[in-house]
$ cat data02.csv   # CSV, C-alpha atoms
chain,number,residue,atom,x,y,z
M,231,MET,CA,9.9,-19.9,9.2
M,232,LEU,CA,9.3,-20.4,12.9
M,233,SER,CA,7.3,-23.4,13.9
M,234,ALA,CA,6.1,-24.8,17.2
M,235,ASP,CA,8.5,-27.7,16.8
M,236,SER,CA,11.6,-25.4,16.4
M,237,LEU,CA,10.9,-23.5,19.6
M,238,ASN,CA,11.3,-24.4,23.2
M,239,PRO,CA,8.3,-24.2,25.6
M,240,LYS,CA,9.5,-20.9,27.1
M,241,THR,CA,9.5,-19.3,23.6
M,242,LEU,CA,6.0,-20.6,22.8
M,243,ILE,CA,4.7,-19.0,26.0
M,244,TRP,CA,6.3,-15.7,25.0
M,245,ILE,CA,4.8,-15.9,21.5
M,246,GLN,CA,1.4,-16.6,23.0
M,247,LEU,CA,1.8,-13.3,25.0
M,248,LEU,CA,2.0,-11.5,21.6
M,249,THR,CA,-1.6,-12.2,20.9
M,250,PRO,CA,-3.0,-9.4,18.7
M,251,LYS,CA,-5.3,-6.8,20.3
M,252,PHE,CA,-8.0,-4.8,18.6
M,253,PHE,CA,-8.1,-1.1,19.2
M,254,THR,CA,-10.1,1.8,18.0
M,255,PHE,CA,-8.4,5.2,17.7
M,256,PRO,CA,-10.4,8.0,19.2
M,257,LYS,CA,-8.7,10.3,16.7
M,258,ALA,CA,-9.2,7.9,13.8
M,259,ARG,CA,-12.9,8.2,13.5
M,260,ASN,CA,-14.1,9.1,10.0
M,261,ILE,CA,-10.6,8.6,8.4
M,262,ILE,CA,-11.6,6.6,5.3
M,263,SER,CA,-13.3,8.3,2.4
M,264,SER,CA,-16.1,6.3,0.8
M,265,GLY,CA,-15.5,8.0,-2.4
M,266,LYS,CA,-19.1,9.1,-2.6
M,267,GLY,CA,-19.3,12.9,-2.5
M,268,GLY,CA,-16.7,13.2,0.2
M,269,GLN,CA,-18.7,11.2,2.8
M,270,MET,CA,-16.5,9.5,5.4
M,271,ASN,CA,-16.9,6.1,7.0
M,272,GLU,CA,-15.7,5.1,10.5
M,273,GLU,CA,-12.9,2.6,10.3
M,274,ASN,CA,-11.5,0.4,13.1
M,275,ILE,CA,-7.8,-0.4,13.0
M,276,LYS,CA,-6.3,-3.5,14.6
M,277,THR,CA,-2.7,-4.6,15.3
M,278,ARG,CA,-1.4,-8.0,14.7
M,279,LEU,CA,2.0,-9.8,14.4
M,280,MET,CA,3.6,-9.2,11.0
M,281,LYS,CA,3.5,-12.1,8.6
M,282,ALA,CA,5.7,-12.9,5.6
M,283,ASP,CA,2.6,-12.3,3.4
M,284,ASP,CA,2.8,-8.6,4.5
M,285,PHE,CA,5.9,-8.0,2.4
M,286,ASP,CA,4.3,-6.3,-0.6
M,287,ALA,CA,2.1,-4.0,1.6
M,288,ILE,CA,5.0,-2.9,3.7
M,289,VAL,CA,7.3,-2.2,0.7
M,290,GLY,CA,4.4,-0.3,-0.8
M,291,ILE,CA,3.9,1.9,2.3
M,292,ASP,CA,7.6,2.5,2.5
M,293,LYS,CA,7.7,3.5,-1.2
M,294,LYS,CA,4.9,5.9,-0.7
M,295,ILE,CA,6.8,7.5,2.2
M,296,LEU,CA,10.3,7.6,0.7
M,297,GLY,CA,9.4,7.8,-3.0
M,298,THR,CA,11.5,4.7,-3.9
M,299,PRO,CA,11.2,1.0,-3.1
M,300,ARG,CA,13.8,-0.5,-0.8
M,301,LEU,CA,13.3,-4.2,-2.0
M,302,ASP,CA,16.8,-5.3,-0.9
M,303,PHE,CA,16.5,-3.8,2.5
M,304,PHE,CA,13.1,-5.5,3.2
M,305,ASP,CA,14.3,-8.8,1.6
M,306,LEU,CA,17.0,-8.9,4.2
M,307,LYS,CA,14.7,-7.7,7.0
M,308,PHE,CA,12.1,-10.4,6.2
M,309,GLU,CA,14.7,-13.1,5.8
M,310,LYS,CA,16.0,-12.4,9.3
M,311,LEU,CA,12.5,-12.0,10.8
M,312,PHE,CA,10.9,-15.1,9.3
M,313,ASN,CA,13.7,-17.5,8.7
M,314,SER,CA,16.0,-17.0,11.7
M,315,ARG,CA,15.6,-19.0,14.9
M,316,GLU,CA,17.6,-16.3,16.7
M,317,PHE,CA,14.9,-13.6,16.7
M,318,LEU,CA,11.5,-13.6,18.3
M,319,PRO,CA,8.6,-12.4,16.1
M,320,ILE,CA,7.8,-9.0,17.5
M,321,SER,CA,7.2,-6.8,14.5
M,322,LEU,CA,3.6,-5.6,14.1
M,323,VAL,CA,1.3,-4.2,11.4
M,324,ALA,CA,-1.8,-2.0,11.7
M,325,GLU,CA,-4.6,-3.0,9.4
M,326,THR,CA,-8.2,-2.0,8.6
M,327,GLU,CA,-11.1,-4.2,9.2
M,328,GLY,CA,-10.9,-5.1,5.5
M,329,GLY,CA,-7.4,-6.4,6.0
M,330,THR,CA,-5.5,-3.5,4.3
M,331,VAL,CA,-2.2,-2.9,6.0
M,332,VAL,CA,-1.8,0.8,6.8
M,333,GLY,CA,1.2,0.8,9.1
M,334,PHE,CA,4.0,-1.3,10.5
M,335,VAL,CA,6.7,-1.3,13.1
M,336,MET,CA,9.7,-3.6,12.8
M,337,GLY,CA,12.2,-4.5,15.5
M,338,GLU,CA,14.6,-7.1,16.7
M,339,LEU,CA,14.7,-9.1,19.9
M,340,PHE,CA,17.5,-11.5,19.8
M,341,MET,CA,17.0,-14.8,21.6
M,342,SER,CA,20.0,-16.8,22.9
M,343,GLU,CA,20.4,-20.5,22.3
M,344,ASP,CA,19.1,-21.2,25.8
M,345,GLY,CA,15.9,-19.4,25.1
M,346,MET,CA,16.7,-16.3,27.2
M,347,VAL,CA,15.6,-12.9,26.0
M,348,PRO,CA,17.7,-9.8,26.7
M,349,ASN,CA,16.3,-6.8,28.5
M,350,GLU,CA,16.8,-4.6,25.5
M,351,ALA,CA,15.2,-4.6,22.0
M,352,THR,CA,15.7,-2.5,18.9
M,353,LEU,CA,13.0,-0.7,16.9
M,354,ASP,CA,14.5,-0.2,13.5
M,355,THR,CA,11.7,0.7,11.0
M,356,ILE,CA,8.3,2.3,11.4
M,357,GLY,CA,5.9,3.4,8.6
M,358,VAL,CA,2.4,4.6,8.2
M,359,ASP,CA,0.7,5.0,4.9
M,360,PRO,CA,0.6,8.7,4.1
M,361,ASP,CA,-3.2,8.5,3.6
M,362,PHE,CA,-3.5,7.3,7.2
M,363,GLN,CA,-0.9,9.5,8.9
M,364,ARG,CA,-1.8,12.0,11.7
M,365,LYS,CA,-4.5,9.6,12.9
M,366,GLY,CA,-2.6,8.2,15.9
M,367,ILE,CA,-1.7,4.9,14.1
M,368,GLY,CA,2.1,5.3,14.5
M,369,ARG,CA,1.7,6.1,18.2
M,370,GLU,CA,-0.6,3.1,18.7
M,371,LEU,CA,1.9,0.9,16.9
M,372,ILE,CA,4.6,2.1,19.3
M,373,ASN,CA,2.4,1.6,22.3
M,374,GLU,CA,1.4,-2.0,21.3
M,375,PHE,CA,5.0,-2.8,20.5
M,376,MET,CA,6.0,-1.6,23.9
M,377,ILE,CA,3.3,-3.7,25.6
M,378,HIS,CA,4.4,-6.8,23.8
M,379,LEU,CA,8.0,-6.2,24.7
M,380,LYS,CA,7.2,-5.6,28.4
M,381,LYS,CA,5.4,-8.9,28.5
M,382,LEU,CA,8.6,-10.5,27.3
M,383,GLY,CA,10.6,-8.9,30.0
M,384,VAL,CA,12.2,-6.3,27.9
M,385,GLN,CA,13.1,-3.1,29.9
M,386,LYS,CA,14.5,-0.8,27.2
M,387,LEU,CA,13.8,-0.1,23.5
M,388,ASN,CA,16.5,1.5,21.4
M,389,THR,CA,16.2,3.2,18.0
M,390,LEU,CA,18.3,5.5,15.9
M,391,VAL,CA,17.0,8.7,14.2
M,392,ASP,CA,18.8,11.0,11.9
M,393,SER,CA,19.5,14.1,13.9
M,394,THR,CA,18.2,16.3,11.1
M,395,ASP,CA,14.8,14.5,10.8
M,396,PHE,CA,12.9,16.8,13.0
M,397,LYS,CA,9.5,15.1,12.3
M,398,MET,CA,10.8,11.7,13.5
M,399,LEU,CA,12.6,13.2,16.5
M,400,HIS,CA,9.4,14.9,17.5
M,401,PHE,CA,7.4,11.7,16.9
M,402,PHE,CA,9.7,9.7,19.1
M,403,ARG,CA,9.9,12.4,21.8
M,404,ASP,CA,6.1,12.5,21.9
M,405,SER,CA,6.2,8.7,22.3
M,406,ARG,CA,8.3,9.2,25.5
M,407,PHE,CA,11.7,8.3,24.0
M,408,SER,CA,14.7,10.2,25.3
M,409,THR,CA,18.2,10.8,24.1
M,410,ALA,CA,20.4,7.8,25.1
M,411,GLN,CA,23.8,8.0,26.8
M,412,THR,CA,25.5,6.2,23.9
M,413,VAL,CA,26.7,8.1,20.8
M,414,ASN,CA,26.5,6.8,17.3
M,415,LEU,CA,29.8,7.3,15.6
M,416,GLU,CA,30.6,7.1,11.9
M,417,ARG,CA,33.7,7.3,9.7
M,418,LYS,CA,33.5,8.0,6.0
M,419,LEU,CA,35.5,5.7,3.7
$ encode --input "data02.csv" --output "C-alpha coordinates"
Amino acid sequence: MLSADSLNPKTLIWIQLLTPKFFTFPKARNIISSGKGGQMNEENIKTRLMKADDFDAIVGIDKKILGTPRLDFFDLKFEKLFNSREFLPISLVAETEGGTVVGFVMGELFMSEDGMVPNEATLDTIGVDPDFQRKGIGRELINEFMIHLKKLGVQKLNTLVDSTDFKMLHFFRDSRFSTAQTVNLERKL
(Lines of atoms letter the chains of each structure in order from A and count residues from 1; the text may use other names and numbers.)
(Lines give C-alpha, C1' and ligand atoms only; values in the text may rest on other atoms or scores of the structure.)
Protein backbone atom coordinates (compact mmCIF):
# COMPACT_ATOMS: atom_id res chain seq x y z
CA MET A 1 0.00 0.00 0.00
CA LEU A 2 1.34 3.46 -0.84
CA SER A 3 2.06 5.67 2.11
CA ALA A 4 3.43 9.18 2.41
CA ASP A 5 6.65 7.77 3.84
CA SER A 6 7.25 5.56 0.80
CA LEU A 7 6.94 8.38 -1.76
CA ASN A 8 9.26 11.22 -2.64
CA PRO A 9 7.95 14.82 -2.36
CA LYS A 10 7.41 15.08 -6.15
CA THR A 11 5.13 12.08 -6.07
CA LEU A 12 3.15 13.50 -3.15
CA ILE A 13 2.54 16.67 -5.16
CA TRP A 14 1.32 14.58 -8.11
CA ILE A 15 -1.02 12.60 -5.88
CA GLN A 16 -2.41 15.83 -4.43
CA LEU A 17 -3.26 16.86 -7.98
CA LEU A 18 -5.49 13.80 -8.16
CA THR A 19 -7.98 15.29 -5.74
CA PRO A 20 -11.45 13.92 -6.49
CA LYS A 21 -13.91 16.28 -8.15
CA PHE A 22 -17.67 16.23 -7.85
CA PHE A 23 -19.69 16.48 -11.02
CA THR A 24 -23.30 16.21 -12.03
CA PHE A 25 -24.18 14.71 -15.38
CA PRO A 26 -26.64 16.79 -17.35
CA LYS A 27 -27.90 13.55 -18.93
CA ALA A 28 -27.90 11.69 -15.61
CA ARG A 29 -30.84 13.48 -14.06
CA ASN A 30 -33.59 11.13 -12.90
CA ILE A 31 -31.54 7.99 -13.39
CA ILE A 32 -32.27 6.14 -10.16
CA SER A 33 -35.63 4.52 -9.58
CA SER A 34 -37.00 4.99 -6.09
CA GLY A 35 -38.96 1.77 -6.46
CA LYS A 36 -42.21 3.58 -5.65
CA GLY A 37 -44.53 3.39 -8.61
CA GLY A 38 -41.77 4.13 -11.11
CA GLN A 39 -40.98 7.58 -9.69
CA MET A 40 -37.43 8.67 -10.31
CA ASN A 41 -35.03 10.57 -8.06
CA GLU A 42 -32.22 12.84 -9.18
CA GLU A 43 -28.82 11.38 -8.38
CA ASN A 44 -25.44 13.11 -8.32
CA ILE A 45 -22.39 11.09 -9.25
CA LYS A 46 -18.85 11.84 -8.10
CA THR A 47 -15.47 10.52 -9.11
CA ARG A 48 -12.70 9.67 -6.72
CA LEU A 49 -9.50 7.69 -6.68
CA MET A 50 -10.03 3.97 -6.50
CA LYS A 51 -9.39 2.33 -3.13
CA ALA A 52 -8.55 -1.28 -2.31
CA ASP A 53 -11.97 -1.48 -0.60
CA ASP A 54 -13.62 -1.03 -4.02
CA PHE A 55 -12.58 -4.54 -5.12
CA ASP A 56 -15.94 -6.28 -4.56
CA ALA A 57 -17.92 -3.48 -6.23
CA ILE A 58 -15.66 -3.47 -9.28
CA VAL A 59 -15.70 -7.26 -9.62
CA GLY A 60 -19.51 -7.10 -9.28
CA ILE A 61 -19.87 -4.51 -12.04
CA ASP A 62 -17.52 -6.44 -14.31
CA LYS A 63 -19.50 -9.65 -13.67
CA LYS A 64 -22.77 -7.88 -14.55
CA ILE A 65 -21.21 -6.75 -17.83
CA LEU A 66 -19.44 -9.97 -18.85
CA GLY A 67 -21.63 -12.56 -17.11
CA THR A 68 -18.72 -14.17 -15.25
CA PRO A 69 -16.43 -12.97 -12.46
CA ARG A 70 -12.77 -12.35 -13.27
CA LEU A 71 -11.40 -12.67 -9.73
CA ASP A 72 -7.86 -13.67 -10.75
CA PHE A 73 -7.65 -10.77 -13.22
CA PHE A 74 -8.73 -8.20 -10.63
CA ASP A 75 -6.60 -9.79 -7.89
CA LEU A 76 -3.55 -9.16 -10.07
CA LYS A 77 -4.72 -5.65 -11.04
CA PHE A 78 -5.35 -4.62 -7.44
CA GLU A 79 -2.07 -6.15 -6.29
CA LYS A 80 -0.19 -4.05 -8.82
CA LEU A 81 -2.22 -0.89 -8.18
CA PHE A 82 -2.12 -0.92 -4.42
CA ASN A 83 1.01 -2.81 -3.45
CA SER A 84 3.54 -1.65 -6.03
CA ARG A 85 5.66 1.45 -5.57
CA GLU A 86 6.27 1.58 -9.31
CA PHE A 87 2.79 2.75 -10.28
CA LEU A 88 1.02 5.98 -9.39
CA PRO A 89 -2.58 5.64 -8.21
CA ILE A 90 -4.56 6.95 -11.17
CA SER A 91 -7.55 4.58 -11.36
CA LEU A 92 -10.94 6.16 -10.63
CA VAL A 93 -14.42 5.10 -9.62
CA ALA A 94 -17.76 6.83 -10.12
CA GLU A 95 -20.13 6.56 -7.18
CA THR A 96 -23.53 7.80 -6.10
CA GLU A 97 -23.99 10.20 -3.22
CA GLY A 98 -24.85 7.15 -1.14
CA GLY A 99 -21.43 5.64 -1.87
CA THR A 100 -22.48 2.95 -4.34
CA VAL A 101 -19.78 2.41 -6.97
CA VAL A 102 -21.43 2.49 -10.41
CA GLY A 103 -18.41 2.68 -12.69
CA PHE A 104 -14.64 2.52 -12.84
CA VAL A 105 -11.66 3.20 -15.06
CA MET A 106 -8.33 1.50 -14.44
CA GLY A 107 -5.00 2.37 -15.94
CA GLU A 108 -1.30 2.31 -15.34
CA LEU A 109 1.22 5.08 -15.03
CA PHE A 110 4.64 3.67 -14.35
CA MET A 111 6.92 5.78 -12.16
CA SER A 112 10.67 5.36 -12.48
CA GLU A 113 12.96 5.02 -9.45
CA ASP A 114 13.91 8.69 -9.69
CA GLY A 115 10.24 9.73 -9.46
CA MET A 116 9.88 10.67 -13.10
CA VAL A 117 6.58 10.04 -14.85
CA PRO A 118 6.56 9.11 -18.56
CA ASN A 119 4.52 11.07 -21.07
CA GLU A 120 2.32 8.03 -21.87
CA ALA A 121 -0.16 6.11 -19.73
CA THR A 122 -2.35 3.08 -20.37
CA LEU A 123 -6.09 2.69 -19.89
CA ASP A 124 -6.72 -1.03 -19.60
CA THR A 125 -10.15 -1.55 -18.03
CA ILE A 126 -13.36 0.47 -17.92
CA GLY A 127 -16.80 -0.56 -16.75
CA VAL A 128 -20.14 1.00 -15.90
CA ASP A 129 -22.90 -0.89 -14.12
CA PRO A 130 -25.46 -1.84 -16.80
CA ASP A 131 -28.19 -0.15 -14.73
CA PHE A 132 -26.27 3.14 -15.10
CA GLN A 133 -25.06 2.86 -18.70
CA ARG A 134 -26.01 5.39 -21.37
CA LYS A 135 -26.06 8.17 -18.76
CA GLY A 136 -22.66 9.71 -19.60
CA ILE A 137 -20.83 8.06 -16.70
CA GLY A 138 -18.26 6.25 -18.86
CA ARG A 139 -17.52 9.41 -20.80
CA GLU A 140 -17.13 11.42 -17.61
CA LEU A 141 -14.81 8.79 -16.15
CA ILE A 142 -12.64 9.06 -19.28
CA ASN A 143 -12.69 12.87 -19.08
CA GLU A 144 -11.71 12.91 -15.39
CA PHE A 145 -9.03 10.30 -16.06
CA MET A 146 -7.59 12.50 -18.81
CA ILE A 147 -7.66 15.61 -16.60
CA HIS A 148 -5.72 13.81 -13.86
CA LEU A 149 -3.18 12.47 -16.34
CA LYS A 150 -2.67 15.91 -17.93
CA LYS A 151 -1.94 17.36 -14.48
CA LEU A 152 0.77 14.73 -14.12
CA GLY A 153 2.35 15.71 -17.43
CA VAL A 154 1.07 12.74 -19.42
CA GLN A 155 0.61 13.60 -23.09
CA LYS A 156 -0.84 10.40 -24.53
CA LEU A 157 -3.20 7.69 -23.30
CA ASN A 158 -3.12 4.26 -24.94
CA THR A 159 -5.71 1.51 -24.84
CA LEU A 160 -6.46 -1.70 -26.75
CA VAL A 161 -9.89 -2.63 -28.07
CA ASP A 162 -10.99 -5.80 -29.80
CA SER A 163 -11.48 -4.87 -33.46
CA THR A 164 -14.84 -6.69 -33.48
CA ASP A 165 -16.20 -4.88 -30.39
CA PHE A 166 -18.03 -2.15 -32.27
CA LYS A 167 -19.70 -0.69 -29.16
CA MET A 168 -16.34 -0.12 -27.46
CA LEU A 169 -14.75 1.19 -30.66
CA HIS A 170 -17.63 3.67 -31.01
CA PHE A 171 -17.35 4.65 -27.34
CA PHE A 172 -13.62 5.37 -27.60
CA ARG A 173 -13.96 7.19 -30.92
CA ASP A 174 -16.69 9.35 -29.33
CA SER A 175 -14.20 10.00 -26.51
CA ARG A 176 -11.74 11.38 -29.11
CA PHE A 177 -9.45 8.36 -29.30
CA SER A 178 -7.99 7.59 -32.71
CA THR A 179 -6.27 4.60 -34.27
CA ALA A 180 -2.62 4.45 -33.22
CA GLN A 181 0.31 3.97 -35.57
CA THR A 182 1.36 0.81 -33.75
CA VAL A 183 -0.10 -2.58 -34.61
CA ASN A 184 -0.90 -5.20 -32.01
CA LEU A 185 0.47 -8.52 -33.25
CA GLU A 186 -0.32 -11.98 -31.97
CA ARG A 187 0.76 -15.56 -32.58
CA LYS A 188 -1.30 -18.57 -31.62
CA LEU A 189 0.57 -21.31 -29.79
$ closest_atom_pairs --input "data02.csv" --of "segment 284-374 of chain M" --to "segment 399-407 of chain M" --cutoff "9 Å" --atoms "only C-alpha atoms" --output "tab-separated table"
residue	atom	partner	partner_atom	distance
M:Gly368	CA	M:Phe401	CA	8.6
M:Arg369	CA	M:Ser405	CA	6.6
M:Ile372	CA	M:Ser405	CA	7.4
M:Asn373	CA	M:Ser405	CA	8.1
$ atom_distance --input "data02.csv" --atom1 "atom CA of Val391 of chain M" --atom2 "atom CA of Gly366 of chain M"
19.7 Å
$ closest_residue --input "data02.csv" --among "M:Phe317, M:Phe396, M:Phe308, M:Phe334" --to "Lys276 of chain M" --atoms "only C-alpha atoms"
M:Phe334
$ atom_distance --input "data02.csv" --atom1 "atom CA of Thr298 of chain M" --atom2 "atom CA of Ala351 of chain M"
27.8 Å
$ closest_residue --input "data02.csv" --among "M:Leu306, M:Val323, M:Val289, M:Val331" --to "Glu374 of chain M" --atoms "all atoms listed in the file"
M:Val323
$ closest_residue --input "data02.csv" --among "M:Val332, M:Leu279, M:Met376, M:Val384" --to "Asp292 of chain M" --atoms "only C-alpha atoms"
M:Val332
$ atom_distance --input "data02.csv" --atom1 "atom CA of Ile291 of chain M" --atom2 "atom CA of Asp354 of chain M"
15.6 Å
$ residues_around --input "data02.csv" --residues "Met336 of chain M" --least-positions-apart "2" --cutoff "7 Å" --atoms "all atoms listed in the file" --output "list of chain:residue names"
M:Ser321, M:Leu322, M:Phe334, M:Leu353, M:Asp354, M:Thr355, M:Ile356
$ closest_residue --input "data02.csv" --among "M:Phe312, M:Phe362, M:Phe303, M:Phe375" --to "Asp283 of chain M" --atoms "all atoms listed in the file"
M:Phe312
$ closest_residue --input "data02.csv" --among "M:Asn313, M:Asn414, M:Thr330, M:Thr389" --to "Val358 of chain M" --atoms "all atoms listed in the file"
M:Thr330
$ closest_residue --input "data02.csv" --among "M:Asp284, M:Asp395, M:Glu338, M:Gly290" --to "Lys310 of chain M" --atoms "all atoms listed in the file"
M:Glu338
$ residues_around --input "data02.csv" --residues "segment 318-320 of chain M" --least-positions-apart "5" --cutoff "7 Å" --atoms "all atoms listed in the file" --output "NGL selection string"
:M and (279 or 311 or 337 or 339-341)
